[in-house]
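Listing of model_19.cif, mmCIF, C-alpha atoms
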data_protein
loop_
_atom_site.label_atom_id
_atom_site.label_comp_id
_atom_site.auth_asym_id
_atom_site.auth_seq_id
_atom_site.Cartn_x
_atom_site.Cartn_y
_atom_site.Cartn_z
CA MET A 1 95.57 130.10 94.88
CA SER A 2 97.16 127.29 96.85
CA THR A 3 96.03 126.83 100.43
CA HIS A 4 99.68 126.79 101.51
CA SER A 5 100.84 129.88 103.42
CA PHE A 6 103.36 132.23 101.83
CA SER A 7 105.90 134.59 103.30
CA ARG A 8 105.63 138.26 102.36
CA ARG A 9 108.73 137.94 100.19
CA LYS A 10 107.31 134.88 98.45
CA PHE A 11 104.01 136.70 97.94
CA LEU A 12 105.75 139.65 96.33
CA GLN A 13 107.84 137.36 94.12
CA THR A 14 104.77 135.46 93.00
CA GLY A 15 102.86 138.67 92.30
CA ALA A 16 105.73 140.09 90.28
CA ALA A 17 105.95 136.92 88.22
CA ALA A 18 102.23 137.06 87.54
CA LEU A 19 102.48 140.66 86.36
CA LEU A 20 105.41 139.79 84.14
CA GLY A 21 103.50 136.87 82.64
CA THR A 22 100.52 139.13 81.94
CA SER A 23 102.71 141.62 80.11
CA LEU A 24 104.01 138.90 77.83
CA PHE A 25 100.69 138.06 76.15
CA MET A 26 100.66 138.71 72.44
CA SER A 27 97.78 140.57 70.87
CA THR A 28 96.37 137.22 69.75
CA GLY A 29 96.15 136.03 73.36
CA THR A 30 99.12 133.67 73.00
CA LYS A 31 101.63 133.66 75.83
CA LEU A 32 105.29 133.67 74.89
CA PHE A 33 106.27 131.55 77.88
CA ALA A 34 104.93 130.56 81.29
CA ALA A 35 106.70 130.34 84.62
CA PRO A 36 107.49 126.78 85.72
CA THR A 37 105.21 125.13 88.25
CA LYS A 38 106.32 125.21 91.87
CA THR A 39 106.99 121.49 92.39
CA PRO A 40 109.60 120.12 89.94
CA PHE A 41 109.34 116.42 89.08
CA GLY A 42 112.10 115.90 86.53
CA GLN A 43 110.98 114.22 83.31
CA ILE A 44 108.11 111.76 82.95
CA ARG A 45 107.49 109.67 79.83
CA PHE A 46 104.06 108.30 79.00
CA GLY A 47 102.13 106.87 76.07
CA VAL A 48 98.71 107.64 74.62
CA ILE A 49 96.41 105.24 72.78
CA ALA A 50 93.50 107.08 71.17
CA ASP A 51 90.34 105.72 69.54
CA PRO A 52 91.14 102.00 69.27
CA HIS A 53 87.45 101.25 68.46
CA LEU A 54 88.07 97.58 69.13
CA ASP A 55 85.68 95.20 67.37
CA ILE A 56 86.29 91.45 67.45
CA ARG A 57 83.77 90.89 64.64
CA GLY A 58 84.35 93.94 62.49
CA LYS A 59 85.02 94.70 58.84
CA ASN A 60 87.54 97.21 57.59
CA GLY A 61 86.46 100.62 56.44
CA MET A 62 87.67 104.07 57.43
CA LYS A 63 87.89 102.42 60.86
CA MET A 64 90.02 99.31 60.47
CA SER A 65 87.69 97.18 62.56
CA GLN A 66 88.81 93.79 61.31
CA ASP A 67 92.39 94.65 62.32
CA SER A 68 91.49 96.60 65.46
CA LEU A 69 92.53 93.84 67.85
CA SER A 70 95.86 93.43 66.06
CA CYS A 71 96.42 97.21 66.23
CA VAL A 72 95.90 97.15 70.00
CA GLN A 73 98.15 94.12 70.44
CA LYS A 74 100.98 95.63 68.38
CA THR A 75 100.71 98.98 70.16
CA VAL A 76 100.78 97.36 73.60
CA GLN A 77 103.80 95.28 72.60
CA ASP A 78 105.67 98.36 71.41
CA LEU A 79 104.76 100.37 74.52
CA ASN A 80 106.15 97.56 76.65
CA GLN A 81 109.44 97.88 74.77
CA GLU A 82 109.75 101.59 75.57
CA LYS A 83 112.14 102.45 78.38
CA ASP A 84 110.90 104.19 81.52
CA LEU A 85 107.28 104.77 80.51
CA ALA A 86 105.49 105.82 83.70
CA PHE A 87 101.95 105.20 82.45
CA VAL A 88 99.67 104.94 79.42
CA LEU A 89 96.50 106.92 78.70
CA VAL A 90 93.62 105.48 76.67
CA ALA A 91 91.81 108.57 75.41
CA GLY A 92 88.31 107.24 74.75
CA ASP A 93 86.39 105.29 72.11
CA LEU A 94 87.88 102.06 73.33
CA LEU A 95 85.02 100.09 71.74
CA LEU A 96 83.07 100.15 68.52
CA ASP A 97 79.74 100.82 70.25
CA GLY A 98 79.72 99.81 73.90
CA GLU A 99 79.94 96.03 73.44
CA ARG A 100 80.85 94.10 76.59
CA GLU A 101 82.62 91.40 74.56
CA ASN A 102 84.81 94.03 72.90
CA ALA A 103 85.57 95.54 76.31
CA GLU A 104 86.68 92.14 77.58
CA ALA A 105 88.98 91.61 74.60
CA LEU A 106 90.47 95.09 74.93
CA LYS A 107 91.03 94.91 78.67
CA LYS A 108 92.76 91.57 78.28
CA GLU A 109 95.35 93.27 76.07
CA LEU A 110 95.68 96.45 78.15
CA ASP A 111 96.25 94.36 81.26
CA THR A 112 99.48 93.08 79.70
CA LEU A 113 100.98 96.58 79.80
CA SER A 114 103.99 96.66 82.11
CA MET A 115 103.00 100.07 83.46
CA PRO A 116 99.75 101.50 84.86
CA TYR A 117 97.11 102.64 82.40
CA PHE A 118 94.30 105.15 82.78
CA VAL A 119 91.08 105.30 80.79
CA VAL A 120 88.52 107.97 79.91
CA ALA A 121 85.26 107.14 78.16
CA GLY A 122 84.39 108.21 74.64
CA ASN A 123 81.08 108.51 72.85
CA HIS A 124 81.36 104.93 71.54
CA ASP A 125 81.93 103.31 74.93
CA PHE A 126 78.33 102.72 76.01
CA VAL A 127 75.13 101.23 74.64
CA PRO A 128 73.77 103.18 71.63
CA GLN A 129 70.34 104.70 72.13
CA ASP A 130 69.61 103.87 68.49
CA PRO A 131 68.56 100.18 68.43
CA ALA A 132 69.75 99.89 64.82
CA LYS A 133 73.36 100.14 66.04
CA ARG A 134 73.03 97.16 68.37
CA ARG A 135 74.23 93.93 66.78
CA GLU A 136 73.16 90.38 67.46
CA GLY A 137 75.67 88.34 69.40
CA PHE A 138 76.81 91.25 71.54
CA SER A 139 75.70 92.46 74.96
CA TYR A 140 75.97 96.15 75.74
CA MET A 141 77.30 98.21 78.63
CA THR A 142 75.85 101.41 80.05
CA ILE A 143 78.37 104.14 80.71
CA GLU A 144 78.07 103.38 84.43
CA GLU A 145 78.96 99.75 83.73
CA PHE A 146 81.91 100.89 81.60
CA VAL A 147 83.23 102.97 84.52
CA THR A 148 82.83 100.01 86.88
CA TYR A 149 84.52 97.65 84.43
CA PHE A 150 87.61 99.87 84.24
CA GLN A 151 87.63 100.74 87.94
CA GLY A 152 91.21 101.07 89.17
CA HIS A 153 92.35 102.59 85.88
CA GLY A 154 91.55 106.16 86.85
CA TYR A 155 88.00 105.48 87.97
CA ASP A 156 87.40 104.79 91.65
CA GLN A 157 84.59 103.24 93.70
CA SER A 158 82.55 106.45 93.65
CA GLY A 159 81.23 105.63 90.18
CA LYS A 160 82.04 109.13 88.93
CA ARG A 161 83.00 109.46 85.29
CA TYR A 162 85.84 111.89 86.10
CA TYR A 163 88.84 111.69 88.41
CA ALA A 164 92.18 113.12 89.54
CA ARG A 165 95.27 111.05 90.33
CA GLU A 166 98.78 111.95 91.43
CA ILE A 167 101.39 110.39 89.16
CA VAL A 168 104.38 111.67 91.15
CA PRO A 169 104.64 114.66 93.49
CA GLY A 170 104.24 117.68 91.24
CA LEU A 171 102.47 115.87 88.37
CA ARG A 172 98.76 115.03 88.47
CA LEU A 173 96.39 113.49 85.94
CA ILE A 174 92.82 114.73 85.54
CA GLY A 175 90.35 112.69 83.51
CA LEU A 176 87.15 114.36 82.28
CA ASP A 177 83.99 113.12 80.54
CA ALA A 178 81.73 115.16 78.25
CA CYS A 179 79.75 112.20 76.84
CA LEU A 180 75.99 112.38 76.35
CA PRO A 181 74.89 108.75 76.78
CA MET A 182 71.15 109.45 76.56
CA GLU A 183 71.32 111.25 73.21
CA LYS A 184 70.19 109.07 70.30
CA ASN A 185 71.87 110.73 67.35
CA LYS A 186 74.41 113.14 68.83
CA TRP A 187 78.00 112.03 69.28
CA GLY A 188 79.03 115.43 70.59
CA GLY A 189 79.56 116.42 74.19
CA VAL A 190 79.04 118.93 76.95
CA LEU A 191 81.30 119.28 79.98
CA PRO A 192 78.72 119.37 82.81
CA GLN A 193 78.63 122.14 85.39
CA GLU A 194 79.42 119.56 88.07
CA GLN A 195 82.75 118.78 86.40
CA LEU A 196 83.50 122.43 85.64
CA THR A 197 83.03 123.34 89.31
CA TRP A 198 85.09 120.35 90.43
CA LEU A 199 87.85 121.13 87.88
CA ASP A 200 88.02 124.75 89.04
CA GLN A 201 88.48 123.58 92.62
CA GLU A 202 91.06 120.91 91.71
CA LEU A 203 93.23 123.35 89.78
CA ARG A 204 92.93 126.00 92.47
CA GLU A 205 93.84 123.59 95.27
CA HIS A 206 96.71 122.05 93.30
CA SER A 207 98.17 125.15 91.69
CA ASP A 208 101.62 124.04 92.88
CA ALA A 209 101.47 121.03 90.52
CA LEU A 210 101.32 120.46 86.78
CA ASN A 211 97.87 119.02 86.09
CA LEU A 212 97.76 116.99 82.87
CA ILE A 213 94.18 116.94 81.54
CA VAL A 214 92.71 114.26 79.26
CA MET A 215 89.21 114.16 77.76
CA HIS A 216 87.93 112.31 74.70
CA HIS A 217 86.09 115.27 73.19
CA ASN A 218 87.96 118.38 72.10
CA PHE A 219 88.05 121.81 73.73
CA ILE A 220 88.89 123.54 70.43
CA ARG A 221 87.83 123.24 66.80
CA TRP A 222 90.58 122.09 64.48
CA THR A 223 88.89 122.73 61.10
CA ALA A 224 86.18 124.95 59.66
CA ASP A 225 83.81 121.95 59.51
CA GLU A 226 83.89 121.83 63.32
CA LEU A 227 82.59 125.37 63.80
CA PRO A 228 79.07 125.63 65.29
CA GLY A 229 76.58 124.55 62.65
CA GLY A 230 79.22 122.67 60.64
CA PRO A 231 78.95 118.99 59.68
CA LYS A 232 81.63 118.00 62.20
CA GLN A 233 80.78 120.44 65.00
CA TRP A 234 80.31 117.63 67.52
CA PHE A 235 83.98 116.74 67.64
CA CYS A 236 84.20 119.72 70.02
CA ILE A 237 82.16 120.16 73.19
CA ASP A 238 79.23 122.58 72.95
CA ASN A 239 80.44 124.70 75.87
CA ASP A 240 84.00 125.00 74.61
CA GLN A 241 84.31 128.72 75.29
CA GLU A 242 83.28 128.34 78.93
CA ALA A 243 85.65 125.40 79.44
CA ARG A 244 88.60 127.16 77.78
CA ALA A 245 88.02 130.26 79.91
CA LEU A 246 88.27 128.13 83.04
CA LEU A 247 91.46 126.45 81.82
CA SER A 248 92.99 129.79 80.82
CA LYS A 249 92.36 131.06 84.34
CA HIS A 250 94.46 128.17 85.66
CA ALA A 251 96.93 127.97 82.77
CA PRO A 252 100.11 127.70 84.91
CA ALA A 253 98.59 124.69 86.70
CA ALA A 254 97.07 123.07 83.58
CA PRO A 255 99.29 123.84 80.59
CA VAL A 256 98.66 120.55 78.68
CA VAL A 257 95.30 119.15 77.54
CA LEU A 258 94.96 115.94 75.49
CA SER A 259 91.98 114.77 73.41
CA GLY A 260 91.11 112.13 70.82
CA HIS A 261 87.83 111.73 68.90
CA ARG A 262 88.83 113.59 65.71
CA HIS A 263 91.05 110.85 64.14
CA ILE A 264 93.45 113.37 62.55
CA GLY A 265 97.23 113.48 62.87
CA LEU A 266 98.70 114.96 66.03
CA ASN A 267 98.24 118.70 66.22
CA GLN A 268 98.80 121.31 68.90
CA LYS A 269 97.51 124.81 69.54
CA GLU A 270 98.34 127.14 72.43
CA ILE A 271 95.61 129.47 73.70
CA ASN A 272 96.24 131.74 76.68
CA GLY A 273 98.98 129.53 78.07
CA VAL A 274 97.12 126.22 77.62
CA ASN A 275 98.46 123.76 75.04
CA TYR A 276 95.70 121.71 73.43
CA PHE A 277 96.73 118.49 71.70
CA ILE A 278 94.70 116.23 69.41
CA MET A 279 95.85 112.60 69.26
CA PRO A 280 95.88 110.33 66.17
CA SER A 281 93.88 107.11 66.25
CA ILE A 282 95.52 103.68 66.17
CA ASN A 283 92.44 102.42 64.30
CA SER A 284 92.31 104.69 61.23
CA TYR A 285 94.85 106.16 58.83
CA PRO A 286 97.64 106.99 59.57
CA MET A 287 97.30 104.49 62.49
CA ARG A 288 99.63 106.05 65.07
CA TYR A 289 100.03 106.19 68.84
CA THR A 290 101.81 108.93 70.80
CA LEU A 291 104.75 109.07 73.19
CA PHE A 292 105.18 112.14 75.40
CA THR A 293 107.95 113.40 77.65
CA ILE A 294 106.83 116.09 80.07
CA SER A 295 108.54 118.22 82.70
CA ASN A 296 107.83 121.54 84.37
CA LYS A 297 109.64 123.27 81.54
CA HIS A 298 108.73 121.47 78.34
CA VAL A 299 106.67 118.78 76.63
CA SER A 300 107.93 116.78 73.66
CA TRP A 301 106.34 114.05 71.57
CA ARG A 302 106.62 111.59 68.73
CA THR A 303 103.95 109.53 67.00
CA PRO A 304 105.14 106.10 65.85
CA MET A 305 103.08 104.12 63.36
CA VAL A 306 101.31 100.99 64.57
CA ASP A 307 103.47 98.01 63.66
CA VAL A 308 101.10 96.26 61.29
CA SER A 309 101.97 95.38 57.71
CA GLU A 310 102.52 97.99 55.03
CA SER A 311 99.55 96.57 53.16
CA LYS A 312 97.29 97.36 56.11
CA HIS A 313 98.50 100.96 56.22
CA LEU A 314 97.88 101.29 52.50
CA GLU A 315 94.41 99.79 52.90
CA ALA A 316 93.65 102.25 55.70
CA LYS A 317 94.83 105.13 53.49
CA LYS A 318 92.61 103.99 50.62
CA ASN A 319 89.63 103.57 52.94
CA LEU A 320 90.07 107.07 54.34
CA LEU A 321 90.12 108.65 50.89
CA GLN A 322 86.98 106.73 49.94
CA ALA A 323 85.12 107.76 53.11
CA THR A 324 83.42 110.91 51.86
CA TRP A 325 82.10 112.07 55.23
CA TRP A 326 85.59 112.23 56.72
CA ARG A 327 86.82 114.56 53.99
CA ALA A 328 86.65 118.32 54.51
CA SER A 329 83.67 119.97 52.86
CA GLN A 330 85.80 121.90 50.38
CA PHE A 331 87.75 118.76 49.35
CA GLN A 332 84.90 116.32 48.75
CA GLU A 333 85.67 115.65 45.07
CA ASP A 334 88.14 112.85 44.36
CA SER A 335 91.09 114.58 42.73
CA THR A 336 94.85 114.62 43.13
CA PHE A 337 94.78 118.08 44.67
CA ASN A 338 91.90 117.34 47.05
CA ASN A 339 93.32 113.99 48.09
CA ALA A 340 96.61 115.66 48.98
CA LYS A 341 94.73 118.15 51.15
CA VAL A 342 92.81 115.37 52.90
CA LEU A 343 95.99 113.39 53.58
CA GLY A 344 97.76 116.51 54.79
CA LEU A 345 95.21 116.94 57.57
CA TYR A 346 95.22 113.31 58.63
CA GLU A 347 98.97 112.72 58.36
CA ASN A 348 100.20 116.15 59.55
CA ASN A 349 103.72 114.85 59.13
CA ASP A 350 105.35 118.08 60.29
CA MET A 351 104.03 117.30 63.79
CA THR A 352 105.03 113.66 64.13
CA LEU A 353 107.99 114.82 66.22
CA GLY A 354 108.20 118.00 68.26
CA SER A 355 108.79 119.88 71.49
CA ILE A 356 107.48 123.10 73.04
CA PRO A 357 108.32 125.03 76.22
CA LEU A 358 105.79 125.25 79.04
#

For this file, write the structure as structure tokens.
Amino acid sequence: MSTHSFSRRKFLQTGAAALLGTSLFMSTGTKLFAAPTKTPFGQIRFGVIADPHLDIRGKNGMKMSQDSLSCVQKTVQDLNQEKDLAFVLVAGDLLLDGERENAEALKKELDTLSMPYFVVAGNHDFVPQDPAKRREGFSYMTIEEFVTYFQGHGYDQSGKRYYAREIVPGLRLIGLDACLPMEKNKWGGVLPQEQLTWLDQELREHSDALNLIVMHHNFIRWTADELPGGPKQWFCIDNDQEARALLSKHAPAAPVVLSGHRHIGLNQKEINGVNYFIMPSINSYPMRYTLFTISNKHVSWRTPMVDVSESKHLEAKKNLLQATWWRASQFQEDSTFNNAKVLGLYENNDMTLGSIPL
């Protein structure tokens, strides 16, 4: 509940709206619609860059490392051509594996954006605990050094890996971090109790605003391989049920959650009034970034392709199909049918353009 005082009439109106909203849950737990937030802010447009995995000395594979710098440059150029973009989010995995030199090259390009940008860390944005992943000729950043390096782009002087910022009155941005920098082999995540407690307080104290949440790791599992015990379970945080329960409790204040990490085409799922989005990577097929328009009443999106040559897109497509680990377990064999299923997940062309009510 907001700390603002309410008149008796306002209290009764709010209570009636809450009861009405409760009655409109489907048996699956999906809400048909949610009441608008209390502070309208018109329409805000913003862009999302996910999983650039920049590597100035890389080779192309499923991740198009050799072309990663070009992908960032082209995306930044196109974002600068968009009209009225308020800000850009960079949703984690900025680097290949925590290299300082890659961070310097990436920040140089991001700093040419004509609008503010905000960063959250991904599991590839700090020094690997496995020495075999550290390459000669690179120096490596701890996650604390990463936060300091991108201070002013969401992060503040506190050194905390999470933050909240007001974009305009009525619209706030919350950046979260579930990374496990001391784990040697695990690229999964856990949202710590410290952040859960803080998030609960932030959403309670700012229930009169729309709080847009971004975190690199996912809150939900998009495929069967991501279920607990599956080969791709670590794309989702371990404590996903606890985190979703908290967000559901504050659904009117936090109806939109954005994540990267999974490298599949944009997808969306609504659970108990919270709309979870997964963002495509600019670094792997189909090499797309995302443009959003958000208001109190709706969110819409489109996912343009990165403006590199057609041959690069075809190379990325070929590399994806040859990368066995990235294929779903039931579609491992190279066949026309299986390849179509793999591409369907990663392209998800039905969702390249869309809009939903909030």

Region 158-161 of chain A: axis-aligned bounding box, 5 Å on each side, centre and edge lengths in Å, one decimal, as lines of an AutoDock Vina configuration file:
center_x = 82.1
center_y = 107.5
center_z = 89.5
size_x = 11.8
size_y = 13.8
size_z = 18.4

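With distances restricted to all atoms listed in the file, A:Leu247 is the closest residue to Thr197 (chain A) from A:Asp240, A:Leu247, A:Asp307, A:Arg57.
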
message: Between CA of Val120 (chain A) and CA of Phe150 (chain A), what distance in Å does the model show, to one decimal?
response: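 Between CA of Val120 (chain A) and CA of Phe150 (chain A) the gap is 9.2 Å.
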
message: Using the chain letters and numbers from this file, what does the PyMOL selection byres ((chain A and resi 306) around 7) select? Give the answer as a count of residues only.
response: 11

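The nearest approach to Pro52 (chain A) among the residues A:Thr142, A:Ser284, A:Asn239, A:Thr324, with all atoms listed in the file taken into account, belongs to A:Ser284.
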
- request: Work out how far apart CA of Gly354 (chain A) and CA of Thr290 (chain A) are and give it in Å to one decimal.
  value: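 If I compute the distance from CA of Gly354 (chain A) to CA of Thr290 (chain A), I get 11.4 Å.
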
- prompt: Using the chain letters and numbers from the file, which residues does the PyMOL selection byres ((chain A and resi 341-344) around 12) grab, as number ranges by chain?
  reply: A: 223, 263-267, 285-286, 316-340, 345-351

With the PyMOL selection byres ((chain A and resi 91-105) around 6) as the selection, what would be picked from this file? Answer as an mmCIF file with C-alpha atoms, keeping the file's coordinate frame, please.
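New file result33.cif:
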data_model
loop_
_atom_site.group_PDB
_atom_site.id
_atom_site.type_symbol
_atom_site.label_atom_id
_atom_site.label_comp_id
_atom_site.auth_asym_id
_atom_site.auth_seq_id
_atom_site.Cartn_x
_atom_site.Cartn_y
_atom_site.Cartn_z
ATOM 1 C CA ALA A 50 93.500 107.080 71.170
ATOM 2 C CA ASP A 51 90.340 105.720 69.540
ATOM 3 C CA PRO A 52 91.140 102.000 69.270
ATOM 4 C CA HIS A 53 87.450 101.250 68.460
ATOM 5 C CA LEU A 54 88.070 97.580 69.130
ATOM 6 C CA ASP A 55 85.680 95.200 67.370
ATOM 7 C CA LEU A 89 96.500 106.920 78.700
ATOM 8 C CA VAL A 90 93.620 105.480 76.670
ATOM 9 C CA LEU A 106 90.470 95.090 74.930
ATOM 10 C CA LYS A 107 91.030 94.910 78.670
ATOM 11 C CA LYS A 108 92.760 91.570 78.280
ATOM 12 C CA VAL A 120 88.520 107.970 79.910
ATOM 13 C CA ALA A 121 85.260 107.140 78.160
ATOM 14 C CA GLY A 122 84.390 108.210 74.640
ATOM 15 C CA HIS A 124 81.360 104.930 71.540
ATOM 16 C CA ASP A 125 81.930 103.310 74.930
ATOM 17 C CA PHE A 126 78.330 102.720 76.010
ATOM 18 C CA VAL A 127 75.130 101.230 74.640
ATOM 19 C CA SER A 139 75.700 92.460 74.960
ATOM 20 C CA TYR A 140 75.970 96.150 75.740
ATOM 21 C CA MET A 141 77.300 98.210 78.630
ATOM 22 C CA HIS A 216 87.930 112.310 74.700
ATOM 23 C CA GLY A 260 91.110 112.130 70.820
#

Polymer residues at most 8 Å from (83.5, 105.6, 83.9) by only C-alpha atoms, as a ChimeraX atom specification: /A:120-121,143-148,150-151,155,159-162

Written selection (C-alpha atoms) as a short mmCIF file (atom, residue, chain, number, x, y, z; two decimals), in the frame of the given file:
data_model
loop_
_atom_site.label_atom_id
_atom_site.label_comp_id
_atom_site.auth_asym_id
_atom_site.auth_seq_id
_atom_site.Cartn_x
_atom_site.Cartn_y
_atom_site.Cartn_z
CA VAL A 120 88.52 107.97 79.91
CA ALA A 121 85.26 107.14 78.16
CA ILE A 143 78.37 104.14 80.71
CA GLU A 144 78.07 103.38 84.43
CA GLU A 145 78.96 99.75 83.73
CA PHE A 146 81.91 100.89 81.60
CA VAL A 147 83.23 102.97 84.52
CA THR A 148 82.83 100.01 86.88
CA PHE A 150 87.61 99.87 84.24
CA GLN A 151 87.63 100.74 87.94
CA TYR A 155 88.00 105.48 87.97
CA GLY A 159 81.23 105.63 90.18
CA LYS A 160 82.04 109.13 88.93
CA ARG A 161 83.00 109.46 85.29
CA TYR A 162 85.84 111.89 86.10
#

Take region 236-266 of chain A from the preceding structure and save C-alpha atoms as a short mmCIF file (atom, residue, chain, number, x, y, z; two decimals), in the first residue's frame.
data_model
loop_
_atom_site.label_atom_id
_atom_site.label_comp_id
_atom_site.auth_asym_id
_atom_site.auth_seq_id
_atom_site.Cartn_x
_atom_site.Cartn_y
_atom_site.Cartn_z
CA CYS A 236 15.84 -19.40 -15.09
CA ILE A 237 16.66 -18.42 -11.52
CA ASP A 238 16.53 -21.24 -8.97
CA ASN A 239 14.04 -19.42 -6.73
CA ASP A 240 11.66 -18.54 -9.55
CA GLN A 241 8.51 -19.52 -7.68
CA GLU A 242 9.34 -17.30 -4.71
CA ALA A 243 10.21 -14.35 -6.97
CA ARG A 244 7.05 -14.74 -9.09
CA ALA A 245 4.90 -14.88 -5.96
CA LEU A 246 6.35 -11.57 -4.83
CA LEU A 247 5.75 -9.98 -8.24
CA SER A 248 2.20 -11.35 -8.41
CA LYS A 249 1.49 -9.72 -5.06
CA HIS A 250 2.46 -6.37 -6.58
CA ALA A 251 1.18 -7.02 -10.11
CA PRO A 252 -0.60 -3.65 -10.58
CA ALA A 253 2.65 -1.86 -9.74
CA ALA A 254 4.95 -4.21 -11.71
CA PRO A 255 3.07 -5.50 -14.75
CA VAL A 256 6.10 -5.76 -17.11
CA VAL A 257 9.30 -7.78 -16.54
CA LEU A 258 12.09 -8.01 -19.14
CA SER A 259 14.90 -10.59 -19.35
CA GLY A 260 17.59 -11.76 -21.76
CA HIS A 261 19.96 -14.73 -21.37
CA ARG A 262 17.97 -17.30 -23.38
CA HIS A 263 18.82 -16.03 -26.92
CA ILE A 264 15.41 -16.98 -28.35
CA GLY A 265 12.99 -14.78 -30.28
CA LEU A 266 10.85 -12.36 -28.30
#
